[in-house]
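Peer 1: Contents are PDB, C-alpha atoms, pLDDT in the B column; file name work_38.pdb:
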```pdb
MODEL        1
ATOM      1  CA  MET A   1     -11.830 -21.729 -30.082  1.00 58.00           C
ATOM      2  CA  LYS A   2     -12.858 -18.179 -29.260  1.00 86.00           C
ATOM      3  CA  PHE A   3     -10.136 -15.568 -29.124  1.00 83.00           C
ATOM      4  CA  SER A   4     -10.880 -14.726 -25.491  1.00 81.00           C
ATOM      5  CA  LYS A   5     -10.406 -18.349 -24.383  1.00 85.00           C
ATOM      6  CA  PHE A   6      -7.234 -18.606 -26.439  1.00 87.00           C
ATOM      7  CA  ALA A   7      -5.955 -15.308 -25.020  1.00 86.00           C
ATOM      8  CA  GLN A   8      -6.758 -16.375 -21.460  1.00 85.00           C
ATOM      9  CA  ALA A   9      -4.921 -19.688 -21.841  1.00 88.00           C
ATOM     10  CA  LEU A  10      -1.958 -18.010 -23.542  1.00 90.00           C
ATOM     11  CA  SER A  11      -1.732 -15.292 -20.886  1.00 88.00           C
ATOM     12  CA  LYS A  12      -1.631 -17.942 -18.139  1.00 89.00           C
ATOM     13  CA  TRP A  13       1.110 -19.785 -19.992  1.00 91.00           C
ATOM     14  CA  THR A  14       3.190 -16.676 -20.774  1.00 90.00           C
ATOM     15  CA  GLY A  15       2.891 -15.459 -17.197  1.00 89.00           C
ATOM     16  CA  SER A  16       4.281 -18.644 -15.688  1.00 92.00           C
ATOM     17  CA  PRO A  17       7.781 -18.946 -14.192  1.00 94.00           C
ATOM     18  CA  ARG A  18       8.528 -21.843 -16.554  1.00 95.00           C
ATOM     19  CA  THR A  19       7.944 -19.646 -19.614  1.00 93.00           C
ATOM     20  CA  PHE A  20      10.191 -16.951 -18.157  1.00 94.00           C
ATOM     21  CA  LEU A  21      12.963 -19.482 -17.621  1.00 96.00           C
ATOM     22  CA  VAL A  22      12.573 -20.756 -21.199  1.00 95.00           C
ATOM     23  CA  ALA A  23      12.894 -17.169 -22.468  1.00 93.00           C
ATOM     24  CA  VAL A  24      16.039 -16.591 -20.386  1.00 95.00           C
ATOM     25  CA  LEU A  25      17.471 -19.894 -21.641  1.00 96.00           C
ATOM     26  CA  LEU A  26      16.798 -18.943 -25.285  1.00 93.00           C
ATOM     27  CA  ILE A  27      18.528 -15.592 -24.795  1.00 94.00           C
ATOM     28  CA  CYS A  28      21.525 -17.324 -23.211  1.00 95.00           C
ATOM     29  CA  VAL A  29      21.717 -19.783 -26.133  1.00 94.00           C
ATOM     30  CA  TRP A  30      21.480 -16.912 -28.592  1.00 93.00           C
ATOM     31  CA  ALA A  31      24.228 -14.973 -26.755  1.00 94.00           C
ATOM     32  CA  ALA A  32      26.434 -18.062 -26.576  1.00 95.00           C
ATOM     33  CA  THR A  33      26.193 -18.577 -30.342  1.00 93.00           C
ATOM     34  CA  GLY A  34      27.471 -15.031 -30.991  1.00 93.00           C
ATOM     35  CA  PRO A  35      31.156 -15.987 -31.320  1.00 92.00           C
ATOM     36  CA  MET A  36      30.233 -18.891 -33.581  1.00 93.00           C
ATOM     37  CA  PHE A  37      28.506 -16.503 -36.009  1.00 90.00           C
ATOM     38  CA  HIS A  38      31.112 -13.740 -35.464  1.00 91.00           C
ATOM     39  CA  TYR A  39      28.375 -11.452 -34.097  1.00 91.00           C
ATOM     40  CA  ASN A  40      27.246 -10.726 -37.670  1.00 93.00           C
ATOM     41  CA  ASP A  41      24.118  -8.866 -38.754  1.00 93.00           C
ATOM     42  CA  THR A  42      22.058 -12.026 -39.293  1.00 92.00           C
ATOM     43  CA  TRP A  43      22.796 -13.166 -35.737  1.00 91.00           C
ATOM     44  CA  GLN A  44      21.605  -9.804 -34.382  1.00 93.00           C
ATOM     45  CA  LEU A  45      18.621  -9.739 -36.726  1.00 94.00           C
ATOM     46  CA  ILE A  46      17.351 -13.046 -35.322  1.00 92.00           C
ATOM     47  CA  ILE A  47      16.934 -11.688 -31.792  1.00 92.00           C
ATOM     48  CA  ASN A  48      15.676  -8.290 -32.942  1.00 95.00           C
ATOM     49  CA  THR A  49      13.007  -9.783 -35.209  1.00 96.00           C
ATOM     50  CA  SER A  50      11.966 -12.403 -32.659  1.00 93.00           C
ATOM     51  CA  THR A  51      11.551  -9.914 -29.823  1.00 94.00           C
ATOM     52  CA  THR A  52       9.723  -7.424 -32.060  1.00 96.00           C
ATOM     53  CA  ILE A  53       7.181 -10.014 -33.204  1.00 96.00           C
ATOM     54  CA  ILE A  54       6.652 -11.372 -29.689  1.00 94.00           C
ATOM     55  CA  THR A  55       6.248  -7.871 -28.259  1.00 94.00           C
ATOM     56  CA  PHE A  56       3.790  -6.865 -30.971  1.00 96.00           C
ATOM     57  CA  LEU A  57       1.599  -9.914 -30.329  1.00 93.00           C
ATOM     58  CA  MET A  58       1.847  -9.585 -26.548  1.00 93.00           C
ATOM     59  CA  VAL A  59       0.419  -6.045 -26.704  1.00 94.00           C
ATOM     60  CA  PHE A  60      -2.872  -7.449 -28.003  1.00 92.00           C
ATOM     61  CA  LEU A  61      -2.829 -10.319 -25.539  1.00 91.00           C
ATOM     62  CA  ILE A  62      -2.225  -7.990 -22.602  1.00 91.00           C
ATOM     63  CA  GLN A  63      -4.937  -5.571 -23.778  1.00 92.00           C
ATOM     64  CA  ASN A  64      -7.456  -8.407 -24.101  1.00 89.00           C
ATOM     65  CA  THR A  65      -6.612  -9.660 -20.619  1.00 89.00           C
ATOM     66  CA  GLN A  66      -6.825  -6.139 -19.183  1.00 90.00           C
ATOM     67  CA  ASN A  67     -10.205  -5.503 -20.829  1.00 87.00           C
ATOM     68  CA  ARG A  68     -11.592  -8.768 -19.471  1.00 87.00           C
ATOM     69  CA  ASP A  69     -10.289  -8.046 -15.954  1.00 89.00           C
ATOM     70  CA  THR A  70     -11.684  -4.505 -16.044  1.00 87.00           C
ATOM     71  CA  ASP A  71     -15.105  -5.750 -17.167  1.00 86.00           C
ATOM     72  CA  GLN A  72     -15.154  -8.326 -14.375  1.00 87.00           C
ATOM     73  CA  LEU A  73     -14.242  -5.710 -11.764  1.00 88.00           C
ATOM     74  CA  HIS A  74     -16.886  -3.296 -13.049  1.00 82.00           C
ATOM     75  CA  ILE A  75     -19.571  -5.966 -12.847  1.00 84.00           C
ATOM     76  CA  LYS A  76     -18.544  -6.922  -9.307  1.00 86.00           C
ATOM     77  CA  ILE A  77     -18.444  -3.310  -8.137  1.00 83.00           C
ATOM     78  CA  ASP A  78     -21.769  -2.542  -9.840  1.00 78.00           C
ATOM     79  CA  GLU A  79     -23.344  -5.462  -7.999  1.00 81.00           C
ATOM     80  CA  LEU A  80     -21.931  -4.271  -4.671  1.00 82.00           C
ATOM     81  CA  LEU A  81     -23.262  -0.781  -5.315  1.00 77.00           C
ATOM     82  CA  ARG A  82     -26.629  -2.155  -6.372  1.00 76.00           C
ATOM     83  CA  VAL A  83     -27.138  -4.120  -3.159  1.00 80.00           C
ATOM     84  CA  THR A  84     -25.782  -1.426  -0.839  1.00 80.00           C
ATOM     85  CA  LYS A  85     -28.702   0.550   0.528  1.00 71.00           C
ATOM     86  CA  ASP A  86     -26.961   3.910   0.865  1.00 69.00           C
ATOM     87  CA  ALA A  87     -24.917   3.735  -2.349  1.00 70.00           C
ATOM     88  CA  GLN A  88     -25.301   6.477  -4.894  1.00 70.00           C
ATOM     89  CA  ASN A  89     -27.084   5.045  -7.935  1.00 68.00           C
ATOM     90  CA  ALA A  90     -25.417   7.620 -10.164  1.00 64.00           C
ATOM     91  CA  VAL A  91     -22.075   5.817  -9.843  1.00 69.00           C
ATOM     92  CA  LEU A  92     -23.531   2.705 -11.475  1.00 69.00           C
ATOM     93  CA  SER A  93     -23.410   4.410 -14.863  1.00 73.00           C
ATOM     94  CA  LEU A  94     -20.072   6.204 -14.792  1.00 76.00           C
ATOM     95  CA  ASP A  95     -19.331   4.918 -18.293  1.00 73.00           C
ATOM     96  CA  ASN A  96     -21.864   7.415 -19.634  1.00 76.00           C
ATOM     97  CA  LEU A  97     -20.250  10.475 -18.035  1.00 76.00           C
ATOM     98  CA  ASP A  98     -17.841  12.722 -19.866  1.00 80.00           C
ATOM     99  CA  GLN A  99     -14.438  13.734 -18.505  1.00 81.00           C
ATOM    100  CA  LYS A 100     -15.724  16.919 -16.862  1.00 85.00           C
ATOM    101  CA  GLU A 101     -18.500  15.101 -14.989  1.00 82.00           C
ATOM    102  CA  LEU A 102     -16.079  12.406 -13.833  1.00 80.00           C
ATOM    103  CA  HIS A 103     -13.702  15.100 -12.575  1.00 80.00           C
ATOM    104  CA  GLU A 104     -16.511  16.790 -10.607  1.00 83.00           C
ATOM    105  CA  LEU A 105     -17.584  13.489  -9.071  1.00 80.00           C
ATOM    106  CA  ARG A 106     -13.969  12.701  -8.148  1.00 79.00           C
ATOM    107  CA  LYS A 107     -13.686  16.108  -6.433  1.00 83.00           C
ATOM    108  CA  LYS A 108     -16.772  15.295  -4.340  1.00 81.00           C
ATOM    109  CA  TYR A 109     -15.304  11.978  -3.228  1.00 75.00           C
ATOM    110  CA  LYS A 110     -11.969  13.625  -2.472  1.00 77.00           C
ATOM    111  CA  ALA A 111     -13.671  16.320  -0.409  1.00 79.00           C
ATOM    112  CA  MET A 112     -15.590  13.669   1.506  1.00 72.00           C
ATOM    113  CA  GLY A 113     -12.345  11.831   2.278  1.00 70.00           C
ATOM    114  CA  GLU A 114     -10.574  14.964   3.470  1.00 75.00           C
ATOM    115  CA  LYS A 115     -13.229  15.890   6.038  1.00 71.00           C
ATOM    116  CA  GLU A 116     -12.472  14.443   9.433  1.00 54.00           C
ATOM    117  CA  ASN A 117     -15.978  14.483  10.899  1.00 60.00           C
ATOM    118  CA  THR A 118     -17.822  13.403   7.781  1.00 54.00           C
ATOM    119  CA  ASP A 119     -20.697  10.996   8.243  1.00 59.00           C
ATOM    120  CA  HIS A 120     -20.032   8.557   5.420  1.00 55.00           C
ATOM    121  CA  THR A 121     -23.490   7.026   5.695  1.00 63.00           C
ATOM    122  CA  LYS A 122     -25.199  10.209   4.490  1.00 63.00           C
ATOM    123  CA  PRO A 123     -25.605  10.567   0.742  1.00 62.00           C
ATOM    124  CA  PHE A 124     -23.973  13.372  -1.196  1.00 56.00           C
ATOM    125  CA  PRO A 125     -25.938  16.461  -2.054  1.00 58.00           C
ATOM    126  CA  GLU A 126     -27.525  15.984  -5.443  1.00 59.00           C
ATOM    127  CA  CYS A 127     -25.388  16.650  -8.484  1.00 59.00           C
ATOM    128  CA  GLU A 128     -26.292  16.966 -12.155  1.00 63.00           C
ATOM    129  CA  ALA A 129     -25.631  13.250 -12.722  1.00 60.00           C
ATOM    130  CA  ASP A 130     -27.983  12.281  -9.842  1.00 62.00           C
ATOM    131  CA  ALA A 131     -30.712  14.606 -11.112  1.00 68.00           C
ATOM    132  CA  ALA A 132     -30.372  13.282 -14.664  1.00 69.00           C
ATOM    133  CA  HIS A 133     -30.491   9.690 -13.407  1.00 66.00           C
ATOM    134  CA  GLU A 134     -33.617  10.321 -11.320  1.00 73.00           C
ATOM    135  CA  ALA A 135     -35.326  12.133 -14.198  1.00 76.00           C
ATOM    136  CA  ALA A 136     -34.581   9.214 -16.516  1.00 73.00           C
ATOM    137  CA  GLU A 137     -36.000   6.765 -13.946  1.00 74.00           C
ATOM    138  CA  GLN A 138     -39.154   8.830 -13.509  1.00 79.00           C
ATOM    139  CA  THR A 139     -39.629   9.050 -17.270  1.00 78.00           C
ATOM    140  CA  ALA A 140     -39.145   5.297 -17.635  1.00 72.00           C
ATOM    141  CA  THR A 141     -41.605   4.634 -14.806  1.00 72.00           C
ATOM    142  CA  ALA A 142     -44.186   6.988 -16.298  1.00 72.00           C
ATOM    143  CA  ASP A 143     -43.817   5.347 -19.723  1.00 68.00           C
ATOM    144  CA  GLN A 144     -44.308   1.866 -18.242  1.00 65.00           C
ATOM    145  CA  SER A 145     -47.379   2.656 -16.124  1.00 56.00           C
ATOM    146  CA  PRO A 146     -50.609   1.236 -17.522  1.00 56.00           C
ATOM    147  CA  ARG A 147     -52.932   3.782 -19.025  1.00 53.00           C
ATOM    148  CA  ASN A 148     -56.597   3.629 -18.260  1.00 50.00           C
ATOM    149  CA  SER A 149     -58.665   3.492 -21.338  1.00 47.00           C
ATOM    150  CA  THR A 150     -62.384   3.111 -21.595  1.00 50.00           C
ATOM    151  CA  VAL A 151     -63.809   0.669 -24.045  1.00 45.00           C
TER
ENDMDL
END
```
Represent the supplied structure as structure tokens.
Peer 2:
Amino acid sequence: MKFSKFAQALSKWTGSPRTFLVAVLLICVWAATGPMFHYNDTWQLIINTSTTIITFLMVFLIQNTQNRDTDQLHIKIDELLRVTKDAQNAVLSLDNLDQKELHELRKKYKAMGEKENTDHTKPFPECEADAAHEAAEQTATADQSPRNSTV
């Protein structure tokens, strides 16, 4: 079984109300056995070790689930942008931008949102990312065009 399928099944199970109730029940049983073991170090070590191991493993499970969800959302949003006529193509490849470029793009969107009379159907003025994207497309198109050669 692939890790992603295992992680998905485990995350569904661990996120269920039944699993939460089982965890609460185990903690209550552990707390109730305290007087029987005179609250000694071994009794405390059992809960500390158990919770540490579970937490450590859950970090990886949660990260895997978050990565999968983020990838799915990116693909869905990319498809929506691709089919929207007036969408900015530059936002399809935000993964390739550095922090400074992302900050500049965010400022443009924020400015657009703050203007009351903004026509949201008009595209942004060109930015460096748009120009770079168009140049890359033109280069790719020029490289793919058939060259006439005489025989």
Peer 1: Given 6 Å of margin on each side, can you work out the centre and size in Å (one decimal) of an axis-aligned box holding every listed atom of region 63-78 of chain A, as lines of an AutoDock Vina configuration file?
Peer 2:
```
center_x = -13.4
center_y = -6.1
center_z = -16.1
size_x = 28.8
size_y = 19.1
size_z = 28.0
```
Peer 1: When distances are computed from all atoms listed in the file, which of A:Ala142, A:Glu137, A:Thr14, A:Asp98 shows the smallest separation from Thr55 (chain A)?
Peer 2: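 Among the listed residues, A:Thr14 lies closest to Thr55 (chain A).
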Peer 1: Point out the residue among A:Leu94, A:Lys107, A:Phe60, A:Met36 with the least atom-to-atom distance to Leu10 (chain A), counting all atoms listed in the file.
Peer 2: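 Ranking A:Leu94, A:Lys107, A:Phe60, A:Met36 by distance to Leu10 (chain A), first place goes to A:Phe60.
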Peer 1: May I ask which of the residues A:Leu73, A:Pro35, A:Asp41, A:Ser11 is the closest one to Val59 (chain A), counting only C-alpha atoms?
Peer 2: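 Result for the nearest residue to Val59 (chain A): A:Ser11.
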Peer 1: Distance CA of Ser4 (chain A)-CA of Glu79 (chain A), one decimal place?
Peer 2: 23.4 Å
Peer 1: Give the answer as one residue: which of A:Ile47, A:Gln63, A:Ala9, A:Lys115 has the shortest atom-to-atom distance to Gly34 (chain A), using only C-alpha atoms?
Peer 2: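 Of A:Ile47, A:Gln63, A:Ala9, A:Lys115, the one nearest Gly34 (chain A), counting only C-alpha atoms, is A:Ile47.
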Peer 1: Identify which of the residues A:Val22, A:Ala136, A:Val83, A:Ala7 lies closest to Arg68 (chain A), counting all atoms listed in the file when measuring atom-to-atom distances.
Peer 2: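 Of the candidates, the smallest distance to Arg68 (chain A) is held by A:Ala7.
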Peer 1: How many Å separate CA of Ala31 (chain A) from CA of Trp13 (chain A)?
Peer 2: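 Between CA of Ala31 (chain A) and CA of Trp13 (chain A) the gap is 24.6 Å.
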Peer 1: Need the shell around Leu26 (chain A): protein/DNA/RNA residues with any atom at most 12 Å away, counting only C-alpha atoms. Skip same-chain ones fewer than 6 positions apart. Format as a list of chain:residue names?
Peer 2: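 Using only C-alpha atoms, the neighbours found are A:Thr19, A:Phe20, A:Ala32, A:Thr33, A:Ile46, A:Ile47, A:Ser50, A:Thr51.
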Peer 1: In Å, rounded to a single decimal, give me how far CA of Tyr109 (chain A) is from CA of Leu80 (chain A).
Peer 2: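 Computed distance, CA of Leu80 (chain A) to CA of Tyr109 (chain A), equals 17.6 Å.
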Peer 1: Would you mind putting N, CA and C atoms back on region 29-46 of chain A and writing the result as a short mmCIF file (atom, residue, chain, number, x, y, z; two decimals), keeping the file's coordinate frame?
Peer 2:
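Output (selection_39.cif):
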```cif
data_model
loop_
_atom_site.label_atom_id
_atom_site.label_comp_id
_atom_site.auth_asym_id
_atom_site.auth_seq_id
_atom_site.Cartn_x
_atom_site.Cartn_y
_atom_site.Cartn_z
N VAL A 29 21.27 -19.00 -24.97
CA VAL A 29 21.72 -19.78 -26.13
C VAL A 29 22.06 -18.85 -27.28
N TRP A 30 21.21 -17.87 -27.52
CA TRP A 30 21.48 -16.91 -28.59
C TRP A 30 22.80 -16.17 -28.33
N ALA A 31 23.00 -15.71 -27.09
CA ALA A 31 24.23 -14.97 -26.76
C ALA A 31 25.45 -15.88 -26.89
N ALA A 32 25.30 -17.13 -26.50
CA ALA A 32 26.43 -18.06 -26.58
C ALA A 32 26.82 -18.37 -28.02
N THR A 33 25.88 -18.29 -28.94
CA THR A 33 26.19 -18.58 -30.34
C THR A 33 26.81 -17.37 -31.05
N GLY A 34 26.90 -16.24 -30.38
CA GLY A 34 27.47 -15.03 -30.99
C GLY A 34 28.86 -15.23 -31.55
N PRO A 35 29.80 -15.78 -30.77
CA PRO A 35 31.16 -15.99 -31.32
C PRO A 35 31.18 -16.96 -32.51
N MET A 36 30.27 -17.93 -32.49
CA MET A 36 30.23 -18.89 -33.58
C MET A 36 29.82 -18.21 -34.90
N PHE A 37 28.96 -17.22 -34.81
CA PHE A 37 28.51 -16.50 -36.01
C PHE A 37 29.23 -15.17 -36.19
N HIS A 38 30.28 -14.94 -35.40
CA HIS A 38 31.11 -13.74 -35.46
C HIS A 38 30.28 -12.47 -35.25
N TYR A 39 29.24 -12.59 -34.45
CA TYR A 39 28.38 -11.45 -34.10
C TYR A 39 27.91 -10.68 -35.34
N ASN A 40 27.61 -11.40 -36.41
CA ASN A 40 27.25 -10.73 -37.67
C ASN A 40 25.81 -10.19 -37.62
N ASP A 41 25.43 -9.52 -38.69
CA ASP A 41 24.12 -8.87 -38.75
C ASP A 41 22.96 -9.87 -38.68
N THR A 42 23.12 -11.01 -39.31
CA THR A 42 22.06 -12.03 -39.29
C THR A 42 21.82 -12.52 -37.87
N TRP A 43 22.89 -12.72 -37.13
CA TRP A 43 22.80 -13.17 -35.74
C TRP A 43 22.02 -12.14 -34.91
N GLN A 44 22.31 -10.86 -35.10
CA GLN A 44 21.60 -9.80 -34.38
C GLN A 44 20.17 -9.67 -34.87
N LEU A 45 19.96 -9.86 -36.16
CA LEU A 45 18.62 -9.74 -36.73
C LEU A 45 17.67 -10.80 -36.17
N ILE A 46 18.19 -11.97 -35.87
CA ILE A 46 17.35 -13.05 -35.32
C ILE A 46 16.71 -12.61 -34.01
#
```
